[in-house]
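Colleague: Would you mind keeping the following structure in view while I ask a few things?
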Amino acid sequence: MTPTKQDLHYDAVIIGAGAAGLSCALGIMREWENIQTSPSPKGSAANPPRVLVISKLQPLRSHTGSAEGGIAASLSTIEHDTWQWHYRDTVKGGDWLVDQDAAKILAQEAPETVIRLEHDGVAFSRTPDGHIAQRKFGGHTADGERPVKRVAYAADRIGHQILHTLWQQCQRYAIDFADEWYVTDLVLSTNDVGSAGAANRRAAGVIVLDEATGKLHSVEAPAIVVATGGAGRLFHTTSNSWDLTGDGMGLALSSGLQLEDSEFIQFHPTGLAHTGILLSEAARGEGGTLRNAAGEAFMQRYAPGVGDLAARDVVARAINHEVAEGRGVNDPLSPDSPADCVWLDLRSIGRERLDTALPEVCDTIREFAGLDPATDLVPVKPTAHYTMGGIPVDTTGSVYTVNFTTGAKTVVAGLKAAGECSCISVHGANRLGANSLLDAVVFGTRSGSDIARTLGHSAATGTDMATDTAASRAALCTAYNARQESVTQLLHQALPTTPPAALPSAASTDPMPDNPYQLMRDVGIMMEAHLGVTCTAESITEAINQLREVFLPRAEKLRTHDATAAFNQELCAILEARNLVRVSLALATATASREESRGSLYRADFPERDDAHFLAHSFVNAHGEISYRPVVIEDYPPERRSY
Amino acid sequence: MAALPPHRAQFRHTAPMSAKSSVDITATAVAPDAVTGASTVTPADTSQTTVIVRIHRFDGHASWQQDYRITVPAHTSLLDCLLLIKRTQDPSLAFRYSCGHGMCGSDAVSIDGIPRLLCLTKISDVQKDAEAQANGISVITLAPLPAFSPVRDLIVNLNPMLDQIRRLEPYLRASDALRTTPSGAINVFEYLQHPDELEAFDQLTNCIACGVCEGACPIYVDGTPFVGPAAAVAAGRFIFDSRDDPQSRAQRLAALDHTANDPIDTASSSNGAAPAGIWPCKGLRFCTQRCPRGIDVSGAIWKIMQAIKENRGRVAPHSAVK
Ligand SMILES: Cc1cc2nc3c(=O)[nH]c(=O)nc-3n(C[C@H](O)[C@H](O)[C@H](O)COP(=O)(O)OP(=O)(O)OC[C@H]3O[C@@H](n4cnc5c(N)ncnc54)[C@H](O)[C@@H]3O)c2cc1C
Ligand code: SF4
Ligand code: FES
C-alpha cells in the first residue's frame, strides 16, 4: 500500500528496496513475530510495527537484480569448506583493512542466511542430488590453498532471484511501500544531552519527493535505515545502473555525517569493452581465460597458480599493465578508440555448458557485442563496480561518527545503514566476489532485527523510541520548508523551453544550457581519468581542483528545463548530480590523504602497502576534514597479500 | 599511470588476435578441439546512421508528437538514443530506465507499434522495418506501453499489473513435509529440489515484470477482465515449484479459475467487471513472441489451464493456507 497523507509517521522507515532494504524490512517483521511468540513476550499487546520502505525506483527495478555470479557461504554441498576459511579469505581479500569482528559474523552467518533465502523461494541451481549448487569464485579458497566451490548460484542471475524473492516475501506482511519516492533529506535532530557537552544526534525523519506528483512529504520515524546502494556512476565506465549516484552517501554528508574508506572503489576486470556492462566473474570461475593481443593467457604470469581467479584488483591492474605495455586489443565496436581492452576467451567452456551455466553472460555478449562466446573472443576492460566504503556502521547496523580530535565514536540514535552504501567494514580495501549480496542480506537482516528488539523494548517499557519528539518535529519542519523553497526555485526558474507544439523537428544547433545528465557524464569521465584503476598525487589534485572549481559551481547552477512537477525526472537528476559531486569530492579527499597502495587503491607514487601508517579506516566529512581509526584485528595479523 | 611505451604501436601491428579470427594460440592455449563450430551471431552493425525518433509526449494535460534527429552507430540501443537526446537536446523527456541491459524491466514502451524494452532494441533492429520516412530518413516511433494509462511521455502507470501480481499471493509457502524433519524439528537445511524439478518452473522465475506481454496481448489491451499474462507467470512460478505446499498450489489454481468463484478479484478492478481469472486467454501467443526474457508465457498459461482442470473439485476454494 502506498501512503497518501502528506505528514506521515512510521515506527521505521527504510530508504531503498534492494537486497539490504528488503532484508531489513523482513528482519523487522520476523524478529517482531519471534518476540511475540517467545515465552515471555516483551511487548505482547502492542500492534505490529508500522514499516515504510521508500524507493526511488519501483523495488523490482533495484540494482540488486543485476547481480549475476552468486552469494558466498561455506555450505559444503559439493566439497568440504568451513566458515573459518571464508572468514580468512575475506580478510585477505580486503588486504587486511577488514574489521575482523564483522567479517567473522559475515562468514559465520552466511550458511544460515543462504538457507533462509532458499526457504523463502530463491530458485538456486541444484546438484544432481538436489542440494544448492556452488561454484568457484575469485579469492575463495580451501584453507588458502586452492579455489573452493563456495558460491551458491542460480545460473547467473542470483541477484534477480534474491531481489524478487525478498520482495515477494514482503508481500506477506503489512509493510507499506512508497515506490518512486525520492528521499531529498535525511533529517537528524540534536539534543544537547550528551556527555561532555557533545551534541547527541538522533534520527528524526526524511523529506521525500513523490516523483509521480512532484509533491514533497515529510515522514517522521524514530528508526531510519539508509539502504540506497552504491555509487558506480561516479565513473563513466561502470557496471552499475543509472540510478547508482551515491544518494545515501550524499545524504549522510549533507546531514553532517561522515563516510568511511570512501577511497576504495572496486574495478571489476571484465566489463564488456566500452559498455561497462558486467561479464560475471563466474565466466572465469567456469574456466574462461584472459588473453592479450598475442593470445597469451597472461594472468599466470601475474598470479601463478590462481591465474584468472586472482583478486579483482590484481586482475584489473594486470589488464591495465598489459594495455600499457602495448598488448591491448581494440573493441571491435569502437575500432577508433585506443586498444585498451584484452580478450576474454570462453571458447574452451563449450557451447552447452555456456548456455546452462552462463546464460546471461552469453546473452549480453550476443546482444551488446554481436559476438558468439562459443566461437569468438570477447573484448573486456575494467569497469567501476563496487563501493567498499560508505556510511560507517557497527555490527548492528547503527551509524556512528568519529570525533576528529578525540577519535571517539558516537552512535547516531535511531539511524542505521546497510548494503552497499554502508561500511562495516567486511570488505576492507577490496571485496571478494559474492560477498556483497551476503553483506546486504546478513547486515540488512541484523539491522531489522535490532530495530524490532528496540521497538519491542520501548513497547514493553512504555517509553517512546523518539525521546524528544518536539525536537524531531521542529527539525523536520525546518528541513521541509527549506526543501520546498529549493524545489520551487528549481522548477519555477525553469530554463526557457520551446513550447511543445512549436518545436522544430530536427535538433536546433544552439548549445543547450547545462543539464544534470551532461554534468554527471562529465564528472564520470573526469573521475575515471584521474581516480581510476591507478592514480597519483598529481592526478588526485587535478580531480579535487576540477570538482571544486568546475563541477560544484555547475551543480549549484542547474535548473530544470520544464516546470511541470509530475514525473519531472530532471528535478531528481539535479539532486542526484549534486550528490554525485559531493561524494566524488569526499572520495578524492580520502584518496589524497592515503599515501599507500592497498587493495583496490593503487597509487603509482606510493606503490607499497604501508601498515605502519595506514592500517586504518579513513573518515571524511563534507568539509574535506579527515581522520583515521585503527582496524579491528582479532585473528589474522596482516600478511603480504599474494595470490 | 606511466605513459604508454613507444613500442606499443609496433606491437599492435604484429598480427593481433581478433575476435572473429581463430588465431593460433601459444603454449598456454586451450585445446584447439574445444573450439568448435562457427559463430551463430550476426556481427554488430558499426556504421553511422541518422534517424528521427518520434516520441508521443504527454505532460499530464496536453499530448503531442515530437521529433528528434540523431546520428549514431546503428548498433546503438534505443535507450542510449533517448539518453543522448535527454543529454544533448531535451532534458525534459521522461522515460523509465535503470540497468540498461534487460534485467530490471523498467523500460517497456511501444516501438513502431510493438512492445519492447528500449535497452534491448537496437536501431538496426527496427530501422529496416521503420516504414515511415521523412526526407529519406527513417522514423522510429515511440509511444507509451499499450494497456496502461500514460502518466508522462513514455511513463505509464503499471500498478494495475503489480496489483494483479500481488493479489495472487506471490510468495513461496513451503510444505510442512519440507519445513520439518521427520522428528518434527524445524528443517535447518535447504529444501531438496532435483534439477528436473527446478527445470519445471525455472524459466518462469526469469520474469522481470516489464509488462511487455501485457502490452502485446490484444485481449488484455482491450480491457477484457483477465488476470493477464504477467500475473499468470508470477503465479505459475509457484504452482510448478515442487517446494510449494500442495494445498497452496490448489488454492493458487483455484484463484486463477473464474468458475471457482474465489474471493480474489483478479480482474482489473477499475471497471468493476466480474473476476475472469485466466480463461480469457485465447492462446494468441503474442506474449511468448515478445517476452524479452524468452519465457514461453503462452505455454505456461496453457499448462496452468490443464492443471486447473485437474484440480477442479479437489479443493474447497476458500480453505486458507498460511
Ligand atoms: C552487474 C553487477 C553484478 C553483481 N554481481 C554480484 C554477485 O554476483 N554477487 C554479489 O555478492 N554481489 C554482486 N554485485 C554487487 C551487489 O549486487 C550489490 O552490492 C548489492 O545488490 C547492493 O544491494 P543494496 O540493497 O545495497 O542496493 P541496491 O540494490 O542498489 O538498492 C538501492 C535501493 O535504494 C533506492 N534508492 C537509492 N537512492 C534513493 C533515494 N535518494 N531515495 C529513495 N530511494 C533511493 C533504489 O531505488 C534502490 O531500491 C553485483 C553488482 C553489479 C553492478
Ligand atoms: S513474462 Fe516476459 S514479457 Fe511478461 S512481464 Fe515477465 S518478462 Fe516481461
Ligand atoms: S533498463 Fe533495465 S530492462 Fe531496460
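Lettering and numbering for the C-alpha cells are positional, with chains as A, B, ... in the shown order, residues counted from 1 in each chain, and ligands counted from 1 in the shown order.
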Under the rule of at most 10 Å, produce a per-residue listing of chain B near ligand 1: chain, number, name, the closest pair of atoms, and the distance in Å, as JSON lines, using only C-alpha atoms and all ligand atoms.
Modeller:
{"residue": "B:Ser98", "atom": "CA", "partner": "ligand 1", "partner_atom_place_in_ligand_line": "47 (O)", "distance": 9.5}
{"residue": "B:Cys99", "atom": "CA", "partner": "ligand 1", "partner_atom_place_in_ligand_line": "1 (C)", "distance": 8.6}
{"residue": "B:His101", "atom": "CA", "partner": "ligand 1", "partner_atom_place_in_ligand_line": "1 (C)", "distance": 9.6}
{"residue": "B:Met103", "atom": "CA", "partner": "ligand 1", "partner_atom_place_in_ligand_line": "1 (C)", "distance": 9.8}
Colleague: Filtering to all heavy atoms, could you give me those residues as a JSON list (two decimals), in the first residue's frame?
Modeller:
[["chain", "number", "residue", "atom", "x", "y", "z"],
["B", 98, "SER", "N", 16.82, 1.90, -15.90],
["B", 98, "SER", "CA", 17.73, 1.71, -14.77],
["B", 98, "SER", "C", 18.96, 0.91, -15.18],
["B", 98, "SER", "O", 20.02, 1.48, -15.39],
["B", 98, "SER", "CB", 17.00, 1.04, -13.60],
["B", 98, "SER", "OG", 17.90, 0.74, -12.57],
["B", 99, "CYS", "N", 18.82, -0.42, -15.36],
["B", 99, "CYS", "CA", 20.02, -1.24, -15.53],
["B", 99, "CYS", "C", 20.70, -1.05, -16.88],
["B", 99, "CYS", "O", 21.91, -1.17, -17.00],
["B", 99, "CYS", "CB", 19.67, -2.71, -15.34],
["B", 99, "CYS", "SG", 18.70, -3.38, -16.70],
["B", 101, "HIS", "N", 20.50, -3.09, -19.38],
["B", 101, "HIS", "CA", 20.79, -4.31, -20.12],
["B", 101, "HIS", "C", 19.76, -5.43, -19.93],
["B", 101, "HIS", "O", 20.11, -6.59, -19.86],
["B", 101, "HIS", "CB", 22.21, -4.81, -19.85],
["B", 101, "HIS", "CG", 22.48, -5.08, -18.40],
["B", 101, "HIS", "ND1", 22.96, -4.13, -17.55],
["B", 101, "HIS", "CD2", 22.33, -6.19, -17.66],
["B", 101, "HIS", "CE1", 23.10, -4.65, -16.35],
["B", 101, "HIS", "NE2", 22.72, -5.91, -16.39],
["B", 103, "MET", "N", 17.67, -6.33, -17.47],
["B", 103, "MET", "CA", 17.46, -7.09, -16.24],
["B", 103, "MET", "C", 16.47, -6.46, -15.27],
["B", 103, "MET", "O", 16.00, -7.13, -14.36],
["B", 103, "MET", "CB", 18.81, -7.28, -15.51],
["B", 103, "MET", "CG", 19.61, -8.49, -15.94],
["B", 103, "MET", "SD", 18.69, -10.03, -16.12],
["B", 103, "MET", "CE", 18.36, -10.46, -14.40]]
Colleague: Please identify all residues of chain A having at least one atom at most 6 Å from any atom of chain B, considering only C-alpha atoms, and return them as number ranges by chain.
Modeller: A: 61, 115, 121, 126, 130-131, 168-169, 241-242, 293-295, 297, 324, 326, 347-348, 370-372, 375-377, 505-506, 517-518
Colleague: Work out how far atom CA of Gly288 of chain A is from atom CA of Phe264 of chain A, in Å to one decimal.
Modeller: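 Computing the Euclidean distance for atom CA of Phe264 of chain A and atom CA of Gly288 of chain A yields 26.8 Å.
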Colleague: Which residue gives the smallest distance to Ile175 of chain A among A:Arg30, A:Arg301, A:Arg351, A:His561, with only C-alpha atoms counted?
Modeller: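 Of A:Arg30, A:Arg301, A:Arg351, A:His561, the one nearest Ile175 of chain A, counting only C-alpha atoms, is A:Arg30.
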Colleague: Any idea what the distance is between atom CA of Ala19 of chain A and atom CA of Ala230 of chain B?
Modeller: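 It comes out at 22.7 Å.
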Colleague: Report as a ChimeraX atom specification all protein, DNA and RNA residues lying within 7 Å of Gly27 of chain A, evaluated on only C-alpha atoms, omitting residues in the same chain fewer than 4 positions from it.
Modeller: /A:23,31,445-446,448-449
Colleague: Go ahead and save the picked residues with all heavy atoms, as a compact mmCIF listing (two decimals), in the first residue's frame.
Modeller:
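Output saved as again.txt:
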# COMPACT_ATOMS: atom_id res chain seq x y z
N SER A 23 15.67 -6.95 3.02
CA SER A 23 16.06 -7.85 4.12
C SER A 23 15.79 -7.19 5.45
O SER A 23 15.38 -7.85 6.41
CB SER A 23 17.56 -8.18 4.05
OG SER A 23 17.85 -8.90 2.91
N GLU A 31 11.55 -10.67 13.33
CA GLU A 31 12.03 -10.61 14.71
C GLU A 31 10.88 -10.21 15.63
O GLU A 31 10.76 -10.73 16.74
CB GLU A 31 13.20 -9.63 14.83
CG GLU A 31 13.83 -9.54 16.20
CD GLU A 31 14.49 -10.84 16.67
OE1 GLU A 31 14.77 -11.71 15.81
OE2 GLU A 31 14.70 -10.99 17.89
N THR A 445 19.38 -7.77 7.51
CA THR A 445 18.54 -8.52 8.44
C THR A 445 18.87 -8.16 9.89
O THR A 445 17.98 -7.94 10.72
CB THR A 445 18.75 -10.04 8.23
OG1 THR A 445 18.56 -10.32 6.84
CG2 THR A 445 17.75 -10.85 9.04
N ARG A 446 20.15 -8.10 10.18
CA ARG A 446 20.55 -7.78 11.57
C ARG A 446 20.06 -6.39 11.97
O ARG A 446 19.60 -6.20 13.10
CB ARG A 446 22.08 -7.81 11.70
CG ARG A 446 22.66 -9.21 11.72
CD ARG A 446 24.18 -9.15 11.72
NE ARG A 446 24.72 -8.68 13.00
CZ ARG A 446 25.08 -9.49 13.99
NH1 ARG A 446 24.97 -10.79 13.86
NH2 ARG A 446 25.56 -8.99 15.11
N GLY A 448 17.43 -4.91 10.86
CA GLY A 448 15.98 -5.03 11.06
C GLY A 448 15.67 -5.67 12.40
O GLY A 448 14.83 -5.18 13.16
N SER A 449 16.36 -6.77 12.71
CA SER A 449 16.11 -7.46 13.98
C SER A 449 16.36 -6.52 15.15
O SER A 449 15.61 -6.49 16.12
CB SER A 449 17.02 -8.68 14.13
OG SER A 449 16.91 -9.50 13.02
Colleague: Could you give me the residues within segment 310-547 of chain A that DSSP places in helix (DSSP H, G or I), as a PyMOL selection string?
Modeller: chain A and resi 312-324+347-349+351-357+359-369+419-421+436-461+469-492+500-502+516-531+537-547
Colleague: List as a list in words the protein and nucleic acid residues near Pro637 of chain A, meaning an atom at most 12 Å away when only C-alpha atoms are counted, but skip any in the same chain fewer than 3 places from it.
Modeller: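 Result of the neighbour search: Arg88, Val91, Lys92, Asp95, Trp96, Leu97, Val98, Asp99, Gln100, Asp611, Leu615, Val631, Val632, Ile633, Glu634, Arg640 and Arg641 of chain A.
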Colleague: Applying 7 Å and only C-alpha atoms, which residues near segment 280-282 of chain A remain after dropping the ones on its own chain fewer than 5 positions away? List them as JSON, numbers by chain.
Modeller: {"A": [68, 69, 137, 361]}
Colleague: Those selected residues, please, written with N, CA and C atoms and delivered as a CSV table (one decimal), in the first residue's frame.
Modeller:
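Output (again_35.csv):
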chain,number,residue,atom,x,y,z
A,68,GLU,N,25.0,-11.2,-10.7
A,68,GLU,CA,25.0,-12.4,-11.6
A,68,GLU,C,25.5,-13.6,-10.9
A,69,GLY,N,26.7,-13.5,-10.4
A,69,GLY,CA,27.5,-14.7,-10.1
A,69,GLY,C,27.0,-15.6,-9.0
A,137,PHE,N,34.9,-19.0,-7.1
A,137,PHE,CA,34.9,-17.6,-7.4
A,137,PHE,C,36.2,-17.0,-6.9
A,361,VAL,N,25.5,-14.1,-19.3
A,361,VAL,CA,26.8,-13.6,-19.8
A,361,VAL,C,26.7,-13.8,-21.3
Colleague: Based on DSSP run over this structure's backbone, return all residues of segment 93-309 of chain B in strand (DSSP E), as a PDB file with N, CA and C atoms, in the first residue's frame.
Modeller:
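Full text of result-v7.pdb as output:
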ATOM      1  N   ALA B 108       9.789  -0.804 -20.776  1.00  0.00           N
ATOM      2  CA  ALA B 108       8.920  -1.314 -21.836  1.00  0.00           C
ATOM      3  C   ALA B 108       8.139  -0.164 -22.448  1.00  0.00           C
ATOM      4  N   VAL B 109       8.256   0.004 -23.761  1.00  0.00           N
ATOM      5  CA  VAL B 109       7.460   1.006 -24.470  1.00  0.00           C
ATOM      6  C   VAL B 109       7.041   0.403 -25.808  1.00  0.00           C
ATOM      7  N   SER B 110       6.214   1.127 -26.516  1.00  0.00           N
ATOM      8  CA  SER B 110       5.829   0.664 -27.840  1.00  0.00           C
ATOM      9  C   SER B 110       6.795   1.260 -28.866  1.00  0.00           C
ATOM     10  N   ILE B 111       7.494   0.384 -29.585  1.00  0.00           N
ATOM     11  CA  ILE B 111       8.457   0.835 -30.588  1.00  0.00           C
ATOM     12  C   ILE B 111       7.895   0.468 -31.959  1.00  0.00           C
ATOM     13  N   ILE B 114       5.193  -1.950 -31.553  1.00  0.00           N
ATOM     14  CA  ILE B 114       5.442  -3.248 -30.916  1.00  0.00           C
ATOM     15  C   ILE B 114       6.023  -3.036 -29.523  1.00  0.00           C
ATOM     16  N   PRO B 115       5.450  -3.678 -28.497  1.00  0.00           N
ATOM     17  CA  PRO B 115       6.004  -3.526 -27.152  1.00  0.00           C
ATOM     18  C   PRO B 115       7.374  -4.193 -27.044  1.00  0.00           C
ATOM     19  N   ARG B 116       8.350  -3.437 -26.590  1.00  0.00           N
ATOM     20  CA  ARG B 116       9.709  -3.964 -26.448  1.00  0.00           C
ATOM     21  C   ARG B 116      10.413  -3.181 -25.352  1.00  0.00           C
ATOM     22  N   LEU B 117      11.580  -3.681 -24.934  1.00  0.00           N
ATOM     23  CA  LEU B 117      12.404  -2.919 -23.998  1.00  0.00           C
ATOM     24  C   LEU B 117      13.321  -1.995 -24.795  1.00  0.00           C
ATOM     25  N   GLN B 133       9.038   7.439 -43.463  1.00  0.00           N
ATOM     26  CA  GLN B 133      10.272   8.101 -43.849  1.00  0.00           C
ATOM     27  C   GLN B 133      10.019   9.587 -43.847  1.00  0.00           C
ATOM     28  N   ALA B 134      10.978  10.348 -43.405  1.00  0.00           N
ATOM     29  CA  ALA B 134      10.879  11.801 -43.514  1.00  0.00           C
ATOM     30  C   ALA B 134      12.123  12.268 -44.236  1.00  0.00           C
ATOM     31  N   ILE B 137      14.844   9.868 -44.358  1.00  0.00           N
ATOM     32  CA  ILE B 137      15.424   9.394 -43.096  1.00  0.00           C
ATOM     33  C   ILE B 137      14.388   8.527 -42.384  1.00  0.00           C
ATOM     34  N   SER B 138      14.813   7.369 -41.882  1.00  0.00           N
ATOM     35  CA  SER B 138      13.847   6.510 -41.189  1.00  0.00           C
ATOM     36  C   SER B 138      13.339   7.182 -39.932  1.00  0.00           C
ATOM     37  N   VAL B 139      12.072   6.944 -39.675  1.00  0.00           N
ATOM     38  CA  VAL B 139      11.457   7.466 -38.463  1.00  0.00           C
ATOM     39  C   VAL B 139      11.146   6.286 -37.555  1.00  0.00           C
ATOM     40  N   ILE B 140      11.577   6.375 -36.301  1.00  0.00           N
ATOM     41  CA  ILE B 140      11.248   5.344 -35.315  1.00  0.00           C
ATOM     42  C   ILE B 140      10.283   5.971 -34.326  1.00  0.00           C
ATOM     43  N   THR B 141       9.100   5.358 -34.218  1.00  0.00           N
ATOM     44  CA  THR B 141       8.068   5.979 -33.396  1.00  0.00           C
ATOM     45  C   THR B 141       7.969   5.298 -32.037  1.00  0.00           C
ATOM     46  N   LEU B 142       8.049   6.084 -30.995  1.00  0.00           N
ATOM     47  CA  LEU B 142       7.954   5.559 -29.633  1.00  0.00           C
ATOM     48  C   LEU B 142       6.702   6.089 -28.951  1.00  0.00           C
ATOM     49  N   ALA B 143       5.947   5.165 -28.360  1.00  0.00           N
ATOM     50  CA  ALA B 143       4.729   5.544 -27.647  1.00  0.00           C
ATOM     51  C   ALA B 143       4.686   4.768 -26.338  1.00  0.00           C
ATOM     52  N   PRO B 150      -1.021   6.313 -19.663  1.00  0.00           N
ATOM     53  CA  PRO B 150       0.176   7.159 -19.692  1.00  0.00           C
ATOM     54  C   PRO B 150       0.126   8.172 -18.550  1.00  0.00           C
ATOM     55  N   VAL B 151       1.275   8.443 -17.972  1.00  0.00           N
ATOM     56  CA  VAL B 151       1.340   9.423 -16.896  1.00  0.00           C
ATOM     57  C   VAL B 151       2.125  10.646 -17.380  1.00  0.00           C
ATOM     58  N   ARG B 152       3.250  10.375 -17.982  1.00  0.00           N
ATOM     59  CA  ARG B 152       4.018  11.462 -18.590  1.00  0.00           C
ATOM     60  C   ARG B 152       4.894  10.866 -19.695  1.00  0.00           C
ATOM     61  N   ILE B 155       6.160   7.273 -19.763  1.00  0.00           N
ATOM     62  CA  ILE B 155       5.923   6.637 -18.458  1.00  0.00           C
ATOM     63  C   ILE B 155       4.438   6.308 -18.302  1.00  0.00           C
ATOM     64  N   VAL B 156       4.167   5.043 -17.957  1.00  0.00           N
ATOM     65  CA  VAL B 156       2.772   4.629 -17.734  1.00  0.00           C
ATOM     66  C   VAL B 156       2.593   4.186 -16.284  1.00  0.00           C
TER      67      VAL B 156
END
Colleague: Show me which residues are within 8 Å of ligand 2 counting only C-alpha atoms and all ligand atoms, and format the list as a list in words.
Modeller: Gly105, Leu204, Asn206, Cys207, Ile208, Ala209, Cys210, Gly211, Val212, Cys213, Glu214, Pro229, Ala230, Val233, Ala234, Cys287, Thr288, Arg290, Cys291, Pro292, Arg293, Gly294, Ile295, Asp296 and Val297 of chain B
Colleague: Give one line per residue of chain A that approaches ligand 3 to at most 12 Å, naming the two atoms of the closest pair and their distance in Å to one decimal, counting only C-alpha atoms and all ligand atoms; sort by chain then ascending residue number and deliver it as JSON lines.
Modeller:
{"residue": "A:Leu57", "atom": "CA", "partner": "ligand 3", "partner_atom_place_in_ligand_line": "2 (Fe)", "distance": 11.2}
{"residue": "A:Gln58", "atom": "CA", "partner": "ligand 3", "partner_atom_place_in_ligand_line": "2 (Fe)", "distance": 11.7}
{"residue": "A:Leu60", "atom": "CA", "partner": "ligand 3", "partner_atom_place_in_ligand_line": "2 (Fe)", "distance": 10.2}
{"residue": "A:Arg61", "atom": "CA", "partner": "ligand 3", "partner_atom_place_in_ligand_line": "2 (Fe)", "distance": 7.1}
{"residue": "A:Ser62", "atom": "CA", "partner": "ligand 3", "partner_atom_place_in_ligand_line": "2 (Fe)", "distance": 9.4}
{"residue": "A:His63", "atom": "CA", "partner": "ligand 3", "partner_atom_place_in_ligand_line": "2 (Fe)", "distance": 9.1}
{"residue": "A:Thr64", "atom": "CA", "partner": "ligand 3", "partner_atom_place_in_ligand_line": "2 (Fe)", "distance": 11.7}
{"residue": "A:Gly65", "atom": "CA", "partner": "ligand 3", "partner_atom_place_in_ligand_line": "2 (Fe)", "distance": 9.4}
{"residue": "A:Ser66", "atom": "CA", "partner": "ligand 3", "partner_atom_place_in_ligand_line": "2 (Fe)", "distance": 8.8}
{"residue": "A:His160", "atom": "CA", "partner": "ligand 3", "partner_atom_place_in_ligand_line": "2 (Fe)", "distance": 11.6}
{"residue": "A:Asn240", "atom": "CA", "partner": "ligand 3", "partner_atom_place_in_ligand_line": "2 (Fe)", "distance": 11.0}
{"residue": "A:Ser241", "atom": "CA", "partner": "ligand 3", "partner_atom_place_in_ligand_line": "2 (Fe)", "distance": 8.0}
{"residue": "A:Trp242", "atom": "CA", "partner": "ligand 3", "partner_atom_place_in_ligand_line": "1 (S)", "distance": 8.6}
{"residue": "A:Asp243", "atom": "CA", "partner": "ligand 3", "partner_atom_place_in_ligand_line": "1 (S)", "distance": 10.5}
{"residue": "A:Ile277", "atom": "CA", "partner": "ligand 3", "partner_atom_place_in_ligand_line": "2 (Fe)", "distance": 11.8}
Colleague: Excluding Leu438 of chain A and residues on its chain fewer than 2 positions from it, collect all residues at most 8 Å away from it, counting only C-alpha atoms, and give them as a PyMOL selection string.
Modeller: chain A and resi 71-72+106+110+113+434-436+440-442
Colleague: Find the spatial neighbours of Asn311 of chain B, counting only C-alpha atoms, within a cut-off of 9 Å - ignore same-chain residues fewer than 4 positions away - and output them as a list in words.
Modeller: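 Surrounding residues, per the criterion: Ala250, Leu253, Ala254, Gln306, Ala307 and Val315 of chain B.
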Colleague: Would you work out the distance separating atom CA of Asp261 of chain A from atom CA of Pro638 of chain A, expressed in Å to one decimal?
Modeller: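 We find that atom CA of Asp261 of chain A and atom CA of Pro638 of chain A lie 17.9 Å from each other.
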